[in-house]
$ cat protein.pdb   # PDB, C-alpha atoms
ATOM      1  CA  MET A   1     -48.244  -6.682  12.495
ATOM      2  CA  SER A   2     -48.328  -3.935   9.865
ATOM      3  CA  ASP A   3     -45.769  -1.136   9.613
ATOM      4  CA  THR A   4     -48.415   1.421  10.651
ATOM      5  CA  SER A   5     -48.624  -0.048  14.142
ATOM      6  CA  ILE A   6     -44.918   0.266  14.926
ATOM      7  CA  LYS A   7     -43.800   3.338  16.833
ATOM      8  CA  LYS A   8     -41.123   5.443  15.209
ATOM      9  CA  SER A   9     -38.982   8.162  16.777
ATOM     10  CA  ILE A  10     -38.889  11.550  15.049
ATOM     11  CA  LYS A  11     -35.360  12.934  14.813
ATOM     12  CA  THR A  12     -35.137  16.531  16.040
ATOM     13  CA  GLU A  13     -32.343  18.922  16.900
ATOM     14  CA  LEU A  14     -33.701  19.466  20.399
ATOM     15  CA  PHE A  15     -31.396  19.017  23.381
ATOM     16  CA  THR A  16     -30.531  15.350  23.922
ATOM     17  CA  SER A  17     -31.997  14.496  27.300
ATOM     18  CA  LYS A  18     -30.264  12.196  29.748
ATOM     19  CA  ALA A  19     -33.716  10.923  30.730
ATOM     20  CA  PRO A  20     -35.057   7.823  28.962
ATOM     21  CA  LEU A  21     -37.359   9.637  26.526
ATOM     22  CA  GLU A  22     -37.919  10.639  22.934
ATOM     23  CA  TRP A  23     -39.099  14.158  22.115
ATOM     24  CA  ALA A  24     -41.538  12.752  19.580
ATOM     25  CA  ILE A  25     -42.940   9.359  18.630
ATOM     26  CA  VAL A  26     -45.227   8.530  15.706
ATOM     27  CA  ASN A  27     -47.574   5.573  15.692
ATOM     28  CA  ASN A  28     -50.648   4.870  13.535
ATOM     29  CA  GLY A  29     -50.638   8.349  12.014
ATOM     30  CA  THR A  30     -50.413  10.230  15.321
ATOM     31  CA  LEU A  31     -47.434  12.188  16.623
ATOM     32  CA  TYR A  32     -47.039  12.172  20.407
ATOM     33  CA  THR A  33     -44.810  14.830  21.936
ATOM     34  CA  ALA A  34     -44.230  16.731  25.160
ATOM     35  CA  GLN A  35     -42.457  20.076  25.008
ATOM     36  CA  ILE A  36     -40.756  22.024  27.766
ATOM     37  CA  PRO A  37     -39.178  25.493  27.841
ATOM     38  CA  ILE A  38     -35.539  24.508  27.300
ATOM     39  CA  ASP A  39     -33.066  25.901  24.810
ATOM     40  CA  SER A  40     -30.564  23.979  22.704
ATOM     41  CA  SER A  41     -28.209  23.612  25.693
ATOM     42  CA  GLY A  42     -30.936  22.039  27.822
ATOM     43  CA  THR A  43     -31.315  25.118  30.013
ATOM     44  CA  VAL A  44     -34.772  26.282  31.057
ATOM     45  CA  VAL A  45     -35.155  29.750  29.552
ATOM     46  CA  SER A  46     -35.450  32.721  31.872
ATOM     47  CA  GLY A  47     -37.890  35.598  31.439
ATOM     48  CA  GLY A  48     -41.013  34.210  33.069
ATOM     49  CA  ILE A  49     -44.105  32.615  31.608
ATOM     50  CA  GLU A  50     -44.047  34.614  28.356
ATOM     51  CA  ALA A  51     -40.494  33.620  27.436
ATOM     52  CA  GLN A  52     -41.072  30.026  28.518
ATOM     53  CA  THR A  53     -44.285  29.700  26.504
ATOM     54  CA  HIS A  54     -42.571  31.070  23.384
ATOM     55  CA  GLN A  55     -39.752  28.537  23.883
ATOM     56  CA  VAL A  56     -42.232  25.677  24.240
ATOM     57  CA  PHE A  57     -43.809  26.762  20.935
ATOM     58  CA  THR A  58     -40.400  27.115  19.266
ATOM     59  CA  ASN A  59     -39.602  23.544  20.297
ATOM     60  CA  LEU A  60     -43.046  22.328  19.227
ATOM     61  CA  ILE A  61     -42.910  23.981  15.789
ATOM     62  CA  HIS A  62     -39.424  22.512  15.245
ATOM     63  CA  THR A  63     -40.701  19.053  16.201
ATOM     64  CA  LEU A  64     -43.710  19.356  13.893
ATOM     65  CA  GLU A  65     -41.457  20.436  11.017
ATOM     66  CA  CYS A  66     -39.236  17.403  11.655
ATOM     67  CA  ALA A  67     -42.379  15.279  11.234
ATOM     68  CA  ASN A  68     -43.212  17.158   7.986
ATOM     69  CA  VAL A  69     -46.347  18.851   9.353
ATOM     70  CA  ASP A  70     -47.276  22.269  10.706
ATOM     71  CA  SER A  71     -49.460  23.542  13.546
ATOM     72  CA  ASN A  72     -52.611  22.768  11.532
ATOM     73  CA  ALA A  73     -51.907  19.071  12.147
ATOM     74  CA  VAL A  74     -52.208  19.480  15.921
ATOM     75  CA  LEU A  75     -55.278  17.679  17.248
ATOM     76  CA  GLN A  76     -54.977  18.156  20.996
ATOM     77  CA  VAL A  77     -52.863  20.125  23.460
ATOM     78  CA  ILE A  78     -52.674  19.517  27.187
ATOM     79  CA  ILE A  79     -51.186  22.549  28.906
ATOM     80  CA  TYR A  80     -49.611  22.301  32.340
ATOM     81  CA  VAL A  81     -48.877  25.530  34.240
ATOM     82  CA  THR A  82     -47.680  26.063  37.782
ATOM     83  CA  ASP A  83     -49.936  29.083  38.422
ATOM     84  CA  ARG A  84     -53.489  29.745  37.234
ATOM     85  CA  ARG A  85     -52.533  33.386  36.512
ATOM     86  CA  TYR A  86     -50.231  32.169  33.723
ATOM     87  CA  LEU A  87     -53.151  30.958  31.611
ATOM     88  CA  ASN A  88     -53.976  34.428  30.218
ATOM     89  CA  THR A  89     -50.428  34.799  28.901
ATOM     90  CA  VAL A  90     -50.377  31.254  27.529
ATOM     91  CA  ASN A  91     -53.749  31.842  25.813
ATOM     92  CA  THR A  92     -52.518  35.039  24.149
ATOM     93  CA  ILE A  93     -49.400  33.342  22.789
ATOM     94  CA  TYR A  94     -51.358  30.182  21.896
ATOM     95  CA  ALA A  95     -53.585  32.268  19.598
ATOM     96  CA  ASP A  96     -50.461  33.383  17.675
ATOM     97  CA  TYR A  97     -49.614  29.781  16.786
ATOM     98  CA  PHE A  98     -53.040  28.239  16.187
ATOM     99  CA  SER A  99     -56.121  29.348  14.296
ATOM    100  CA  ALA A 100     -59.683  28.086  14.093
ATOM    101  CA  PRO A 101     -60.587  25.350  14.170
ATOM    102  CA  TYR A 102     -58.332  25.234  17.231
ATOM    103  CA  PRO A 103     -56.943  21.980  18.585
ATOM    104  CA  ASN A 104     -58.906  20.375  21.376
ATOM    105  CA  ARG A 105     -57.211  21.271  24.636
ATOM    106  CA  ALA A 106     -57.117  21.094  28.378
ATOM    107  CA  ALA A 107     -55.277  23.286  30.857
ATOM    108  CA  ILE A 108     -54.136  21.908  34.176
ATOM    109  CA  VAL A 109     -52.651  23.817  37.100
ATOM    110  CA  VAL A 110     -50.026  21.711  38.876
ATOM    111  CA  ALA A 111     -47.922  22.146  41.998
ATOM    112  CA  GLY A 112     -44.713  21.740  39.998
ATOM    113  CA  LEU A 113     -43.069  20.316  36.904
ATOM    114  CA  ALA A 114     -39.997  18.127  36.387
ATOM    115  CA  ARG A 115     -37.617  21.042  36.780
ATOM    116  CA  GLU A 116     -38.359  23.508  39.557
ATOM    117  CA  GLU A 117     -37.826  26.557  37.326
ATOM    118  CA  MET A 118     -40.277  25.333  34.665
ATOM    119  CA  LEU A 119     -43.584  27.211  34.595
ATOM    120  CA  VAL A 120     -45.236  25.518  31.590
ATOM    121  CA  GLU A 121     -45.227  22.242  29.658
ATOM    122  CA  PHE A 122     -47.311  21.037  26.699
ATOM    123  CA  VAL A 123     -48.343  17.517  25.762
ATOM    124  CA  VAL A 124     -49.360  17.499  22.091
ATOM    125  CA  TYR A 125     -50.956  15.040  19.692
ATOM    126  CA  ALA A 126     -50.858  15.714  15.939
ATOM    127  CA  ALA A 127     -51.926  13.906  12.776
ATOM    128  CA  VAL A 128     -49.041  12.855  10.532
ATOM    129  CA  SER A 129     -48.330  10.658   7.545
ATOM    130  CA  GLN A 130     -46.108   7.679   8.228
TER     131      GLN A 130
END

$ encode --input "protein.pdb" --output "structure tokens"
Amino acid sequence: MSDTSIKKSIKTELFTSKAPLEWAIVNNGTLYTAQIPIDSSGTVVSGGIEAQTHQVFTNLIHTLECANVDSNAVLQVIIYVTDRRYLNTVNTIYADYFSAPYPNRAAIVVAGLAREEMLVEFVVYAAVSQ
């Protein structure tokens, strides 16, 4: 088995979760991460969908930097929101962080997320060097 096929955790300064998870894993040149709207204390930020989306991007950009890449390395984003009306706000903020050619993406409206107060979550795949 070559070194490129072994998953490696990316060290970040994000809140250390009690759940059995890593904020980011790299394997075979791809970074896998899921980002939620929590601050450094692990608290879901208040202020509605706009504040939560900005926090998700803050956490994502930090994670990408820890993997030595930027938003141009992002290949795909799966966006989960708890209300279809939130998509306009998410799209506006999304355009501030990405430029053409945009990552491939999907948006899914769900009944709820892991924490009741969460309105948005991103699952992101990015190209990285190992």

$ resolve_selection --input "protein.pdb" --expression "the PyMOL selection byres ((chain A and resi 103) around 8)" --output "ChimeraX atom specification"
/A:74-77,98,101-102,104-105

$ resolve_selection --input "protein.pdb" --expression "the PyMOL selection byres ((chain A and resi 117) around 12)" --output "list in words"
Ile36, Pro37, Ile38, Thr43, Val44, Val45, Ser46, Gly47, Gly48, Ile49, Gln52, Val81, Thr82, Ala111, Gly112, Leu113, Ala114, Arg115, Glu116, Met118, Leu119, Val120 and Glu121 of chain A

$ closest_residue --input "protein.pdb" --among "A:Thr89, A:Thr30, A:Thr53, A:Ser40" --to "Ala127 of chain A" --atoms "all atoms listed in the file"
A:Thr30

$ closest_residue --input "protein.pdb" --among "A:Ile78, A:Val90, A:Ala106, A:Ala95" --to "Gln55 of chain A" --atoms "all atoms listed in the file"
A:Val90

$ atom_distance --input "protein.pdb" --atom1 "atom CA of Val110 of chain A" --atom2 "atom CA of Tyr80 of chain A"
6.6 Å

$ axis_aligned_box --input "protein.pdb" --around "segment 4-15 of chain A" --padding-each-side "5 Å" --output "JSON"
{"center_x": -40.0, "center_y": 9.7, "center_z": 17.0, "size_x": 27.2, "size_y": 29.5, "size_z": 22.7}

$ atom_distance --input "protein.pdb" --atom1 "atom CA of Asn27 of chain A" --atom2 "atom CA of Ser41 of chain A"
28.3 Å

$ resolve_selection --input "protein.pdb" --expression "the PyMOL selection byres ((chain A and resi 128) around 8)" --output "list in words"
Val26, Gly29, Thr30, Leu31, Ala67, Asn68, Val69, Ala73, Ala126, Ala127, Ser129 and Gln130 of chain A

$ closest_residue --input "protein.pdb" --among "A:Thr33, A:Thr58, A:Ser71, A:Asn28" --to "Ile10 of chain A" --atoms "all atoms listed in the file"
A:Thr33

$ closest_residue --input "protein.pdb" --among "A:Ser17, A:Gln35, A:Asn91, A:Ser99" --to "Thr63 of chain A" --atoms "all atoms listed in the file"
A:Gln35
